[in-house]
$ cat protein.cif   # mmCIF, C-alpha atoms
data_structure
loop_
_atom_site.label_atom_id
_atom_site.label_comp_id
_atom_site.auth_asym_id
_atom_site.auth_seq_id
_atom_site.Cartn_x
_atom_site.Cartn_y
_atom_site.Cartn_z
CA MET B 1 205.73 7.35 275.06
CA LYS B 2 204.86 4.44 277.35
CA PRO B 3 207.22 1.90 278.87
CA PRO B 4 207.59 -1.34 276.91
CA PRO B 5 206.05 -4.54 278.29
CA LEU B 6 208.05 -5.65 281.30
CA SER B 7 207.77 -7.43 284.61
CA TYR B 8 208.34 -5.95 288.01
CA SER B 9 209.63 -7.08 291.32
CA ARG B 10 209.96 -5.25 294.61
CA PRO B 11 212.27 -7.17 296.90
CA HIS B 12 212.58 -6.13 300.55
CA SER B 13 216.17 -7.20 301.03
CA LEU B 14 219.42 -6.62 299.21
CA ASP B 15 220.05 -10.37 298.98
CA GLU B 16 216.75 -10.89 297.19
CA ALA B 17 217.61 -8.08 294.77
CA LEU B 18 221.03 -9.57 294.07
CA ASP B 19 219.50 -13.04 293.52
CA LEU B 20 217.10 -11.56 290.97
CA LEU B 21 219.93 -9.71 289.26
CA ALA B 22 222.00 -12.89 289.09
CA GLU B 23 219.08 -14.89 287.75
CA HIS B 24 217.97 -12.42 285.09
CA GLY B 25 221.31 -10.95 284.06
CA ASP B 26 221.22 -8.39 281.26
CA GLU B 27 217.43 -8.56 281.08
CA ALA B 28 217.06 -6.90 284.48
CA ARG B 29 217.54 -3.27 285.45
CA PRO B 30 217.49 -1.93 289.02
CA LEU B 31 214.89 0.82 289.50
CA ALA B 32 215.63 3.41 292.20
CA GLY B 33 213.85 6.77 291.90
CA GLY B 34 213.29 6.26 288.19
CA GLN B 35 213.82 9.92 287.30
CA SER B 36 216.20 8.97 284.49
CA LEU B 37 215.19 5.37 283.88
CA VAL B 38 211.42 5.87 283.47
CA PRO B 39 211.84 8.66 280.87
CA MET B 40 214.23 6.29 279.07
CA LEU B 41 211.59 3.56 279.23
CA ASN B 42 208.98 6.00 277.89
CA HIS B 43 211.29 6.81 274.98
CA ARG B 44 212.05 3.08 274.56
CA LEU B 45 215.73 3.89 274.89
CA SER B 46 215.86 1.15 277.49
CA ARG B 47 213.94 -2.12 277.13
CA PRO B 48 214.58 -4.27 280.17
CA GLY B 49 212.49 -7.40 280.61
CA LEU B 50 212.47 -6.96 284.36
CA LEU B 51 212.61 -3.97 286.68
CA ILE B 52 213.93 -4.70 290.15
CA ASP B 53 212.49 -1.90 292.29
CA ILE B 54 215.05 -1.37 295.07
CA GLY B 55 212.90 1.31 296.74
CA ALA B 56 211.65 -0.95 299.54
CA ILE B 57 215.07 -2.15 300.73
CA ALA B 58 215.62 -0.45 304.11
CA GLN B 59 219.36 -1.17 304.06
CA LEU B 60 219.78 1.11 301.03
CA GLN B 61 218.14 4.06 302.79
CA ARG B 62 220.79 4.59 305.46
CA MET B 63 222.30 8.01 305.97
CA GLU B 64 224.89 8.28 308.72
CA ARG B 65 228.25 9.78 309.60
CA THR B 66 231.02 7.19 309.77
CA GLU B 67 234.74 7.41 310.48
CA SER B 68 235.53 7.64 306.78
CA GLY B 69 232.82 10.17 305.94
CA TRP B 70 229.13 10.42 305.22
CA LEU B 71 227.58 7.12 304.26
CA ILE B 72 224.60 7.69 301.98
CA GLY B 73 222.51 4.72 300.91
CA ALA B 74 221.78 4.31 297.22
CA THR B 75 218.08 5.12 297.52
CA VAL B 76 218.35 8.16 299.80
CA THR B 77 216.47 10.83 297.86
CA GLN B 78 218.05 14.07 296.76
CA ARG B 79 215.23 15.85 298.57
CA ARG B 80 216.28 14.22 301.83
CA LEU B 81 219.82 15.56 301.36
CA GLU B 82 218.43 19.00 300.57
CA ARG B 83 216.26 18.92 303.70
CA ASP B 84 218.62 17.29 306.21
CA GLY B 85 222.09 18.16 304.88
CA THR B 86 225.27 16.59 306.14
CA GLY B 87 226.80 19.42 308.19
CA GLY B 88 230.27 20.88 307.72
CA CYS B 89 230.86 22.84 304.54
CA ASP B 90 228.33 20.49 303.01
CA LEU B 91 229.16 20.44 299.31
CA LEU B 92 226.35 17.90 298.87
CA ARG B 93 223.76 20.33 300.14
CA LEU B 94 225.12 23.12 297.95
CA ALA B 95 224.92 20.92 294.85
CA VAL B 96 221.48 19.37 295.35
CA PRO B 97 219.34 22.45 294.48
CA PHE B 98 220.88 22.35 290.99
CA ILE B 99 219.50 18.85 290.34
CA GLY B 100 216.44 19.17 288.10
CA HIS B 101 213.48 20.57 290.01
CA ARG B 102 211.89 19.92 293.38
CA GLN B 103 209.60 17.29 291.81
CA ILE B 104 212.61 15.42 290.43
CA ARG B 105 214.56 15.63 293.68
CA ALA B 106 211.57 14.24 295.57
CA ARG B 107 212.07 10.90 293.81
CA GLY B 108 215.60 11.08 292.42
CA THR B 109 218.19 9.21 294.45
CA VAL B 110 221.87 9.63 295.26
CA GLY B 111 222.79 6.16 294.02
CA GLY B 112 220.66 6.48 290.91
CA SER B 113 222.31 9.73 289.86
CA ILE B 114 225.81 8.42 290.49
CA ALA B 115 225.26 5.06 288.79
CA HIS B 116 223.60 6.77 285.81
CA ALA B 117 226.86 8.74 285.33
CA ASP B 118 225.40 11.53 283.25
CA PRO B 119 228.31 13.81 282.29
CA ALA B 120 226.24 16.88 283.23
CA ALA B 121 225.03 15.52 286.58
CA GLU B 122 225.91 17.20 289.87
CA LEU B 123 226.36 14.32 292.32
CA PRO B 124 229.10 12.54 290.33
CA ALA B 125 231.05 15.83 290.45
CA VAL B 126 230.56 16.03 294.22
CA ALA B 127 231.64 12.40 294.58
CA LEU B 128 234.83 13.10 292.66
CA THR B 129 235.56 16.27 294.65
CA LEU B 130 235.10 14.53 298.00
CA ASP B 131 237.07 11.42 296.93
CA ALA B 132 233.99 9.32 297.54
CA THR B 133 234.04 5.55 297.73
CA MET B 134 231.29 3.73 295.87
CA VAL B 135 230.36 0.46 297.52
CA ALA B 136 229.04 -2.18 295.16
CA ALA B 137 227.10 -5.15 296.47
CA GLY B 138 227.46 -8.33 294.45
CA PRO B 139 227.08 -12.07 294.70
CA ASP B 140 230.47 -12.31 296.43
CA GLY B 141 229.90 -9.50 298.90
CA GLU B 142 230.92 -5.86 298.86
CA ARG B 143 233.53 -4.19 296.68
CA GLU B 144 234.85 -0.66 297.05
CA ILE B 145 235.43 1.50 293.98
CA ASP B 146 236.98 4.94 294.28
CA ALA B 147 235.25 7.81 292.51
CA ALA B 148 238.14 8.35 290.09
CA SER B 149 237.72 4.85 288.64
CA PHE B 150 233.93 4.58 288.94
CA PHE B 151 233.02 6.86 286.03
CA VAL B 152 234.33 5.32 282.83
CA GLY B 153 232.49 7.25 280.13
CA PRO B 154 229.22 9.04 279.44
CA TYR B 155 226.45 7.07 281.20
CA MET B 156 228.96 4.32 282.01
CA ASN B 157 230.17 3.12 285.37
CA SER B 158 232.51 0.35 286.42
CA LEU B 159 229.94 -1.83 288.21
CA ALA B 160 230.31 -5.45 287.14
CA GLU B 161 227.44 -7.62 285.96
CA GLY B 162 225.38 -8.76 288.92
CA GLU B 163 226.45 -5.80 291.08
CA LEU B 164 224.31 -3.03 292.55
CA LEU B 165 225.49 0.27 293.93
CA SER B 166 224.70 -0.17 297.62
CA HIS B 167 225.93 3.09 299.13
CA VAL B 168 228.41 5.89 298.69
CA VAL B 169 230.80 7.16 301.34
CA PHE B 170 231.57 10.84 300.74
CA GLY B 171 234.94 11.74 302.24
CA GLU B 172 235.33 14.54 304.75
CA VAL B 173 237.11 17.78 303.94
CA PRO B 174 239.42 19.51 306.46
CA PRO B 175 237.39 21.32 309.15
CA THR B 176 238.55 24.71 307.88
CA ALA B 177 237.55 23.98 304.27
CA ARG B 178 234.97 26.09 302.53
CA CYS B 179 232.89 24.75 299.66
CA SER B 180 231.23 26.19 296.60
CA PHE B 181 229.11 24.78 293.81
CA ARG B 182 228.71 26.83 290.64
CA GLU B 183 226.80 25.82 287.55
CA PHE B 184 225.65 27.50 284.37
CA ALA B 185 222.47 26.32 282.64
CA ARG B 186 220.19 28.05 280.15
CA ARG B 187 217.20 27.81 282.49
CA LYS B 188 216.69 26.89 286.12
CA GLY B 189 216.72 23.11 286.41
CA ASP B 190 218.14 22.43 282.95
CA PHE B 191 221.16 20.22 282.49
CA ALA B 192 224.40 22.11 283.13
CA VAL B 193 226.32 23.56 280.19
CA ALA B 194 229.31 23.71 282.53
CA GLY B 195 229.87 23.53 286.28
CA VAL B 196 232.52 23.63 288.97
CA ALA B 197 232.61 22.14 292.47
CA ALA B 198 235.18 23.40 294.94
CA ALA B 199 236.37 22.53 298.44
CA VAL B 200 239.36 24.55 299.57
CA ALA B 201 241.08 24.77 302.95
CA THR B 202 243.47 27.55 303.88
CA ASP B 203 245.80 28.18 306.79
CA ASP B 204 246.81 31.75 307.54
CA GLY B 205 245.73 32.78 304.06
CA SER B 206 247.60 30.05 302.17
CA VAL B 207 245.83 27.18 300.46
CA THR B 208 246.60 23.87 302.19
CA ASP B 209 244.07 21.61 300.45
CA ALA B 210 242.41 22.45 297.13
CA ARG B 211 239.88 20.29 295.34
CA LEU B 212 238.26 21.49 292.15
CA THR B 213 236.09 19.50 289.77
CA ALA B 214 234.63 20.51 286.43
CA PHE B 215 231.58 18.77 284.98
CA ALA B 216 229.44 18.85 281.82
CA VAL B 217 232.60 19.58 279.85
CA GLY B 218 233.66 16.04 278.96
CA SER B 219 232.68 12.38 279.15
CA ASN B 220 232.77 12.44 282.93
CA PRO B 221 233.48 14.94 285.69
CA VAL B 222 237.21 15.73 285.93
CA ARG B 223 239.37 16.95 288.77
CA LEU B 224 241.12 20.18 287.78
CA SER B 225 244.50 19.02 289.02
CA ALA B 226 246.51 21.71 287.24
CA ALA B 227 244.39 24.44 288.83
CA GLU B 228 244.64 22.68 292.20
CA GLY B 229 248.44 22.69 291.80
CA VAL B 230 248.46 26.39 290.98
CA LEU B 231 246.59 27.14 294.21
CA ALA B 232 248.79 25.10 296.53
CA GLY B 233 250.57 27.28 299.07
CA ARG B 234 249.32 30.57 297.62
CA SER B 235 246.56 32.90 298.71
CA ILE B 236 243.33 32.43 296.78
CA ASP B 237 243.35 36.09 295.74
CA SER B 238 246.81 36.00 294.25
CA ALA B 239 246.25 32.67 292.45
CA LEU B 240 242.74 33.39 291.20
CA ALA B 241 243.53 34.34 287.61
CA ASP B 242 246.22 31.67 287.19
CA ALA B 243 243.94 28.94 288.55
CA ALA B 244 241.09 29.95 286.24
CA GLU B 245 243.44 29.94 283.26
CA ALA B 246 244.84 26.53 284.21
CA ALA B 247 241.32 25.12 284.62
CA ALA B 248 240.23 26.33 281.19
CA ALA B 249 243.37 24.88 279.60
CA GLU B 250 243.21 21.41 281.17
CA ILE B 251 239.64 20.41 280.25
CA GLU B 252 238.70 18.74 276.97
CA PRO B 253 235.23 20.07 276.20
CA TRP B 254 233.21 19.46 273.08
CA ASP B 255 230.94 21.45 270.77
CA ASP B 256 227.23 20.78 270.91
CA ILE B 257 223.98 22.70 270.44
CA HIS B 258 224.32 24.22 273.91
CA GLY B 259 227.72 25.77 273.28
CA SER B 260 231.08 25.44 271.59
CA ALA B 261 234.16 23.95 273.22
CA GLN B 262 235.66 27.43 273.36
CA TYR B 263 232.56 28.78 275.12
CA ARG B 264 232.76 25.98 277.67
CA ARG B 265 236.42 26.81 278.36
CA GLN B 266 235.42 30.38 279.08
CA LEU B 267 232.58 29.23 281.29
CA ILE B 268 234.92 27.00 283.28
CA ALA B 269 237.39 29.89 283.73
CA THR B 270 234.61 32.15 284.99
CA LEU B 271 232.96 29.52 287.19
CA THR B 272 236.34 28.53 288.68
CA LYS B 273 237.04 32.16 289.51
CA ARG B 274 233.61 32.61 291.11
CA ALA B 275 233.85 29.35 293.05
CA LEU B 276 237.26 30.38 294.41
CA GLN B 277 235.90 33.80 295.37
CA ASP B 278 233.11 31.98 297.23
CA VAL B 279 235.60 29.95 299.27
CA ALA B 280 238.16 32.69 299.90
CA PRO B 281 238.48 33.32 303.64
CA MET F 282 198.07 -9.08 305.03
CA SER F 283 196.67 -6.81 302.38
CA ALA F 284 198.40 -6.08 299.11
CA ALA F 285 200.16 -3.16 300.78
CA ASN F 286 203.79 -3.87 301.47
CA ALA F 287 203.37 -7.53 300.62
CA ARG F 288 206.60 -9.25 299.73
CA ARG F 289 206.72 -9.54 296.00
CA VAL F 290 210.02 -10.93 294.95
CA GLU F 291 208.63 -13.08 292.15
CA PRO F 292 208.62 -10.92 289.01
CA SER F 293 205.20 -10.41 287.51
CA VAL F 294 203.50 -8.39 284.79
CA GLU F 295 200.48 -7.73 287.01
CA VAL F 296 201.19 -6.07 290.33
CA PRO F 297 198.73 -5.85 293.25
CA ILE F 298 198.77 -2.44 294.95
CA SER F 299 197.00 -0.75 297.82
CA VAL F 300 197.08 3.02 297.67
CA THR F 301 195.13 5.88 299.22
CA VAL F 302 193.91 8.38 296.63
CA ASN F 303 192.23 11.57 297.84
CA GLY F 304 191.45 9.86 301.13
CA GLU F 305 190.00 6.67 299.70
CA THR F 306 191.76 3.34 299.77
CA VAL F 307 192.12 1.64 296.41
CA GLU F 308 193.09 -2.02 296.25
CA THR F 309 193.65 -3.22 292.74
CA THR F 310 196.06 -4.79 290.30
CA VAL F 311 198.03 -2.76 287.79
CA ALA F 312 200.11 -3.66 284.77
CA ALA F 313 203.80 -3.49 285.66
CA ARG F 314 204.45 -1.08 282.80
CA GLN F 315 201.59 1.29 283.58
CA LEU F 316 202.57 4.86 284.41
CA LEU F 317 201.07 6.39 287.53
CA ALA F 318 199.53 9.22 285.48
CA ASP F 319 197.75 6.70 283.24
CA PHE F 320 196.58 4.69 286.23
CA LEU F 321 195.01 7.81 287.78
CA ARG F 322 193.40 8.91 284.54
CA GLU F 323 192.34 5.65 282.95
CA GLU F 324 191.66 3.32 285.87
CA LEU F 325 190.45 5.80 288.50
CA ARG F 326 189.00 8.29 285.97
CA LEU F 327 190.75 11.16 287.74
CA THR F 328 191.38 13.06 284.53
CA GLY F 329 192.40 16.28 286.26
CA THR F 330 195.96 15.01 286.25
CA HIS F 331 197.13 16.04 282.79
CA VAL F 332 199.68 14.26 280.65
CA GLY F 333 201.78 16.71 278.65
CA CYS F 334 205.30 15.72 277.71
CA GLU F 335 205.45 12.19 279.20
CA GLN F 336 209.13 12.66 279.94
CA GLY F 337 209.22 14.56 283.20
CA ILE F 338 209.76 18.05 281.81
CA CYS F 339 206.48 19.98 281.76
CA GLY F 340 205.03 19.25 285.20
CA ALA F 341 201.38 19.02 284.08
CA CYS F 342 201.07 15.60 285.73
CA THR F 343 202.34 16.72 289.16
CA ILE F 344 200.59 15.10 292.14
CA ASN F 345 201.14 15.04 295.89
CA LEU F 346 202.73 11.73 296.84
CA ASP F 347 203.23 11.28 300.58
CA GLY F 348 203.65 15.03 301.00
CA GLU F 349 206.05 15.64 298.12
CA PRO F 350 205.27 17.04 294.67
CA VAL F 351 206.03 14.31 292.16
CA ARG F 352 205.76 13.87 288.40
CA SER F 353 203.31 11.02 287.82
CA CYS F 354 204.37 10.45 284.19
CA ILE F 355 207.81 9.20 285.20
CA MET F 356 206.66 6.87 287.96
CA LEU F 357 205.11 3.47 287.65
CA ALA F 358 201.77 2.81 289.30
CA ALA F 359 203.37 -0.30 290.82
CA GLN F 360 205.74 1.91 292.79
CA VAL F 361 203.01 3.63 294.85
CA ASP F 362 201.97 0.55 296.80
CA GLY F 363 201.43 1.63 300.41
CA SER F 364 201.49 5.35 299.58
CA SER F 365 199.02 8.19 299.84
CA ILE F 366 198.23 10.42 296.87
CA ILE F 367 196.37 13.69 296.44
CA THR F 368 195.36 14.73 292.93
CA VAL F 369 193.86 18.06 291.87
CA GLU F 370 190.40 16.54 292.42
CA GLY F 371 191.30 16.19 296.10
CA LEU F 372 192.29 19.84 296.60
CA SER F 373 188.88 21.05 297.59
CA ALA F 374 185.79 19.19 298.81
CA GLN F 375 183.43 21.79 297.40
CA GLY F 376 183.89 24.58 294.90
CA LEU F 377 187.28 26.21 294.51
CA GLY F 378 189.89 26.23 297.26
CA PRO F 379 191.77 29.47 298.06
CA LEU F 380 194.69 28.73 295.71
CA GLN F 381 192.32 27.83 292.87
CA GLN F 382 190.24 30.96 293.49
CA ALA F 383 193.42 33.08 293.42
CA PHE F 384 194.35 31.58 290.03
CA LYS F 385 190.88 32.44 288.74
CA ASP F 386 190.94 35.99 290.12
CA ASN F 387 194.44 36.84 288.90
CA HIS F 388 194.44 35.44 285.40
CA GLY F 389 196.65 32.59 286.54
CA LEU F 390 195.46 30.45 283.65
CA GLN F 391 194.27 30.71 280.09
CA CYS F 392 193.88 27.33 278.41
CA GLY F 393 194.22 25.59 281.78
CA PHE F 394 196.15 22.55 280.64
CA CYS F 395 199.11 23.17 282.94
CA THR F 396 197.00 24.41 285.86
CA PRO F 397 196.51 21.13 287.78
CA GLY F 398 200.27 20.68 287.86
CA PHE F 399 200.88 24.19 289.16
CA LEU F 400 198.15 23.77 291.77
CA MET F 401 199.55 20.48 292.99
CA THR F 402 203.11 21.77 293.23
CA LEU F 403 202.04 24.92 295.05
CA SER F 404 199.64 23.16 297.42
CA THR F 405 202.26 20.57 298.35
CA VAL F 406 205.36 22.67 299.07
CA ASP F 407 205.86 24.69 302.24
CA PRO F 408 205.59 28.42 301.32
CA ASP F 409 208.16 29.27 304.02
CA GLU F 410 210.77 27.38 302.03
CA TYR F 411 210.16 29.73 299.09
CA PRO F 412 210.26 33.31 300.42
CA GLY F 413 209.47 36.41 298.41
CA THR F 414 208.73 36.66 294.72
CA ALA F 415 212.02 34.98 293.87
CA GLY F 416 210.85 32.07 296.01
CA ILE F 417 207.57 31.84 294.11
CA ARG F 418 209.49 31.74 290.82
CA GLU F 419 211.71 29.02 292.24
CA ALA F 420 208.68 27.02 293.45
CA ILE F 421 207.04 27.04 290.02
CA SER F 422 210.25 26.51 288.03
CA GLY F 423 209.40 22.85 287.48
CA ASN F 424 206.07 23.61 285.80
CA LEU F 425 205.71 24.97 282.28
CA CYS F 426 202.91 27.31 281.14
CA ARG F 427 202.68 28.37 277.50
CA CYS F 428 199.81 30.87 277.84
CA THR F 429 200.20 33.25 280.74
CA GLY F 430 203.83 34.30 280.62
CA TYR F 431 203.76 33.40 284.34
CA GLY F 432 202.87 36.97 285.47
CA GLY F 433 199.30 36.02 286.35
CA ILE F 434 200.43 32.86 288.07
CA ILE F 435 202.89 34.77 290.23
CA ARG F 436 200.18 37.29 291.14
CA ALA F 437 197.87 34.42 292.03
CA VAL F 438 200.44 32.83 294.31
CA ARG F 439 201.18 36.18 295.95
CA THR F 440 197.50 36.47 296.73
CA ALA F 441 197.15 32.91 297.96
CA TRP F 442 200.31 33.09 300.04
CA ASP F 443 199.44 36.58 301.27
CA ARG F 444 202.58 38.32 300.03
CA PRO F 445 202.95 41.97 299.10
CA ASP F 446 203.85 42.98 295.55
CA HIS F 447 207.49 43.62 296.27
CA GLY F 448 208.92 40.96 298.47
#

$ encode --input "protein.cif" --output "structure tokens"
Amino acid sequence: MKPPPLSYSRPHSLDEALDLLAEHGDEARPLAGGQSLVPMLNHRLSRPGLLIDIGAIAQLQRMERTESGWLIGATVTQRRLERDGTGGCDLLRLAVPFIGHRQIRARGTVGGSIAHADPAAELPAVALTLDATMVAAGPDGEREIDAASFFVGPYMNSLAEGELLSHVVFGEVPPTARCSFREFARRKGDFAVAGVAAAVATDDGSVTDARLTAFAVGSNPVRLSAAEGVLAGRSIDSALADAAEAAAAEIEPWDDIHGSAQYRRQLIATLTKRALQDVAP
Amino acid sequence: MSAANARRVEPSVEVPISVTVNGETVETTVAARQLLADFLREELRLTGTHVGCEQGICGACTINLDGEPVRSCIMLAAQVDGSSIITVEGLSAQGLGPLQQAFKDNHGLQCGFCTPGFLMTLSTVDPDEYPGTAGIREAISGNLCRCTGYGGIIRAVRTAWDRPDHG
């Protein structure tokens, strides 16, 4: 239960980190907060020859509102989001308390969680709900990847070799939108058995913009587009049952020791209903 | 320039660090793979930090790192260069501090293995962020105890944080 022999580097600039990544290729792994990577090292599930600690790169710690949304640097900690928030209906701030425990959030980072792409993780679901843009830094400069094409399987992202996740831009929701984050886990801080993120705007009682995402019920978080369609133009109250039914039907959950696929469908129906009740005007 | 914050782009298996532990500055070199918990226990002989699960679940190894409660078994010693750490040994200069005394008085421990982790979490967080009894439960949710059933721990924290029974 100790990390394997490895070397370590702590560059102070993104360029230095990218140079190291280019030089060492597959042997190197970026280390952000380490809340997933170090346990994996302890278990010897990961055996990199070199850790590139990106924790001292000031450029990756930015957190600011831009024209296209909230720009959050890769190494901004989850605790910082929990403490400072991003204003508005703030789906990020609603989701963060569900991430592990306070001790994990103190070190765990936004970029680390998103790049790790755990199917049960909260921040990838938020990224998908807010149509976030992931910005990868590579040897040839920056590349933008939209959330829908960033997550390509359990623990898999679409970063190319030699690229680092530099920051994420979380899109804004309409000013009238209300947000909810609902998750079911066996114990506080455990990985989710199922969860739903919602951001819904209404005008005069009718839904004008509905975003719903389910997570922990498939390889990656998924937008509940059928349920979103059911909501469009209707009042949340009148569409509640139909939306929950649509959500449960459109996911492709699996059986595991935490619950059967059928159980997860029921959880998603219930969580969708509760999330919609949360955001009803 | 001391080891603290020195530029270290060149990968190495031995990493110089400068870190403040319980108020004292330590300048030394650590193995790149060494966990912070092992550095505290084996190099600094601060064995109050306990190593339970070694995978970030049980919380026995919790320390105060720059004002945040952190699990020292899923951090590398190399990562704390330039930081300030408090371990359970640093909680009280003499005898038991108020939180420790409350644990003793309220049956907040039996075997005591998990206790340093609980103490470090509770002494690091801001009580105002965790109101009432529900808040206390939330605050200790990242620490596991297999002896007490948590009742004694919650009573201890109520006493230390000066909270009535039903809050």

$ residues_near_point --input "protein.cif" --point "(195.8, 7.5, 300.5)" --cutoff "9 Å" --atoms "all atoms listed in the file" --output "JSON, numbers by chain"
{"F": [299, 300, 301, 302, 303, 304, 305, 306, 307, 346, 347, 363, 364, 365, 366, 367]}

$ write_last_selection --input "protein.cif" --atoms "C-alpha atoms" --output "PDB file, in the frame of the given file"
ATOM      1  CA  SER F 299     197.000  -0.750 297.820  1.00  0.00           C
ATOM      2  CA  VAL F 300     197.080   3.020 297.670  1.00  0.00           C
ATOM      3  CA  THR F 301     195.130   5.880 299.220  1.00  0.00           C
ATOM      4  CA  VAL F 302     193.910   8.380 296.630  1.00  0.00           C
ATOM      5  CA  ASN F 303     192.230  11.570 297.840  1.00  0.00           C
ATOM      6  CA  GLY F 304     191.450   9.860 301.130  1.00  0.00           C
ATOM      7  CA  GLU F 305     190.000   6.670 299.700  1.00  0.00           C
ATOM      8  CA  THR F 306     191.760   3.340 299.770  1.00  0.00           C
ATOM      9  CA  VAL F 307     192.120   1.640 296.410  1.00  0.00           C
ATOM     10  CA  LEU F 346     202.730  11.730 296.840  1.00  0.00           C
ATOM     11  CA  ASP F 347     203.230  11.280 300.580  1.00  0.00           C
ATOM     12  CA  GLY F 363     201.430   1.630 300.410  1.00  0.00           C
ATOM     13  CA  SER F 364     201.490   5.350 299.580  1.00  0.00           C
ATOM     14  CA  SER F 365     199.020   8.190 299.840  1.00  0.00           C
ATOM     15  CA  ILE F 366     198.230  10.420 296.870  1.00  0.00           C
ATOM     16  CA  ILE F 367     196.370  13.690 296.440  1.00  0.00           C
TER      17      ILE F 367
END

$ residues_around --input "protein.cif" --residues "Gly333 (chain F)" --least-positions-apart "2" --cutoff "10 Å" --atoms "all atoms listed in the file" --output "PyMOL selection string"
chain F and resi 330-331+335-342+354+394-395+425

$ closest_atom_pairs --input "protein.cif" --of "chain B" --to "chain F" --cutoff "8 Å" --atoms "all atoms listed in the file" --output "CSV"
residue,atom,partner,partner_atom,distance
B:Met1,CA,F:Glu335,CA,6.4
B:Lys2,CA,F:Leu316,CA,7.4
B:Pro3,CA,F:Arg314,CA,5.7
B:Pro4,CA,F:Arg314,CA,6.7
B:Pro5,CA,F:Arg314,CA,5.9
B:Leu6,CA,F:Arg314,CA,6.0
B:Ser7,CA,F:Val294,CA,4.4
B:Tyr8,CA,F:Pro292,CA,5.1
B:Ser9,CA,F:Pro292,CA,4.6
B:Arg10,CA,F:Arg289,CA,5.6
B:Pro11,CA,F:Val290,CA,4.8
B:His12,CA,F:Arg288,CA,6.8
B:Glu16,CA,F:Val290,CA,7.1
B:Gly34,CA,F:Met356,CA,6.7
B:Gln35,CA,F:Ile355,CA,6.4
B:Val38,CA,F:Ile355,CA,5.2
B:Pro39,CA,F:Gln336,CA,4.9
B:Asn42,CA,F:Gln336,CA,7.0
B:His43,CA,F:Gln336,CA,8.0
B:Leu50,CA,F:Pro292,CA,7.2
B:Asp53,CA,F:Gln360,CA,7.8
B:Gly100,CA,F:Gly423,CA,8.0
B:His101,CA,F:Gly423,CA,5.3
B:Arg102,CA,F:Gly423,CA,7.0
B:Gln103,CA,F:Val351,CA,4.7
B:Ile104,CA,F:Val351,CA,6.9
B:Ala106,CA,F:Glu349,CA,6.2
B:Arg107,CA,F:Val351,CA,7.1
B:Lys188,CA,F:Ser422,CA,6.7
B:Gly189,CA,F:Gly423,CA,7.4

$ residues_around --input "protein.cif" --residues "Arg105 (chain B)" --least-positions-apart "6" --cutoff "8 Å" --atoms "all atoms listed in the file" --output "list in words"
Thr77, Gln78, Arg79 and Ile99 of chain B

$ residues_around --input "protein.cif" --residues "Ala280 (chain B)" --least-positions-apart "3" --cutoff "7 Å" --atoms "all atoms listed in the file" --output "list in words"
Ile236, Leu276 and Gln277 of chain B

$ write_last_selection --input "protein.cif" --atoms "C-alpha atoms" --output "CSV table (one decimal), in the frame of the given file"
chain,number,residue,atom,x,y,z
B,236,ILE,CA,243.3,32.4,296.8
B,276,LEU,CA,237.3,30.4,294.4
B,277,GLN,CA,235.9,33.8,295.4

$ decode --input "protein.cif" --residues "region 239-246 of chain B" --atoms "N, CA, C and O atoms" --output "mmCIF file, in the first residue's frame"
data_model
loop_
_atom_site.group_PDB
_atom_site.id
_atom_site.type_symbol
_atom_site.label_atom_id
_atom_site.label_comp_id
_atom_site.auth_asym_id
_atom_site.auth_seq_id
_atom_site.Cartn_x
_atom_site.Cartn_y
_atom_site.Cartn_z
ATOM 1 N N ALA B 239 -45.656 18.276 -15.971
ATOM 2 C CA ALA B 239 -44.779 17.369 -16.717
ATOM 3 C C ALA B 239 -43.965 16.451 -15.816
ATOM 4 O O ALA B 239 -43.219 15.589 -16.296
ATOM 5 N N LEU B 240 -44.112 16.649 -14.508
ATOM 6 C CA LEU B 240 -43.250 15.965 -13.535
ATOM 7 C C LEU B 240 -43.194 14.447 -13.744
ATOM 8 O O LEU B 240 -42.122 13.860 -13.907
ATOM 9 N N ALA B 241 -44.352 13.821 -13.745
ATOM 10 C CA ALA B 241 -44.400 12.357 -13.823
ATOM 11 C C ALA B 241 -43.889 11.863 -15.179
ATOM 12 O O ALA B 241 -43.123 10.886 -15.251
ATOM 13 N N ASP B 242 -44.273 12.567 -16.248
ATOM 14 C CA ASP B 242 -43.830 12.164 -17.588
ATOM 15 C C ASP B 242 -42.309 12.296 -17.731
ATOM 16 O O ASP B 242 -41.652 11.440 -18.326
ATOM 17 N N ALA B 243 -41.756 13.373 -17.170
ATOM 18 C CA ALA B 243 -40.311 13.595 -17.279
ATOM 19 C C ALA B 243 -39.551 12.510 -16.510
ATOM 20 O O ALA B 243 -38.537 11.982 -16.984
ATOM 21 N N ALA B 244 -40.056 12.171 -15.330
ATOM 22 C CA ALA B 244 -39.392 11.140 -14.522
ATOM 23 C C ALA B 244 -39.423 9.797 -15.249
ATOM 24 O O ALA B 244 -38.420 9.065 -15.275
ATOM 25 N N GLU B 245 -40.561 9.498 -15.868
ATOM 26 C CA GLU B 245 -40.696 8.242 -16.594
ATOM 27 C C GLU B 245 -39.755 8.213 -17.800
ATOM 28 O O GLU B 245 -39.079 7.212 -18.061
ATOM 29 N N ALA B 246 -39.689 9.338 -18.507
ATOM 30 C CA ALA B 246 -38.799 9.425 -19.674
ATOM 31 C C ALA B 246 -37.344 9.253 -19.250
ATOM 32 O O ALA B 246 -36.557 8.549 -19.909
#
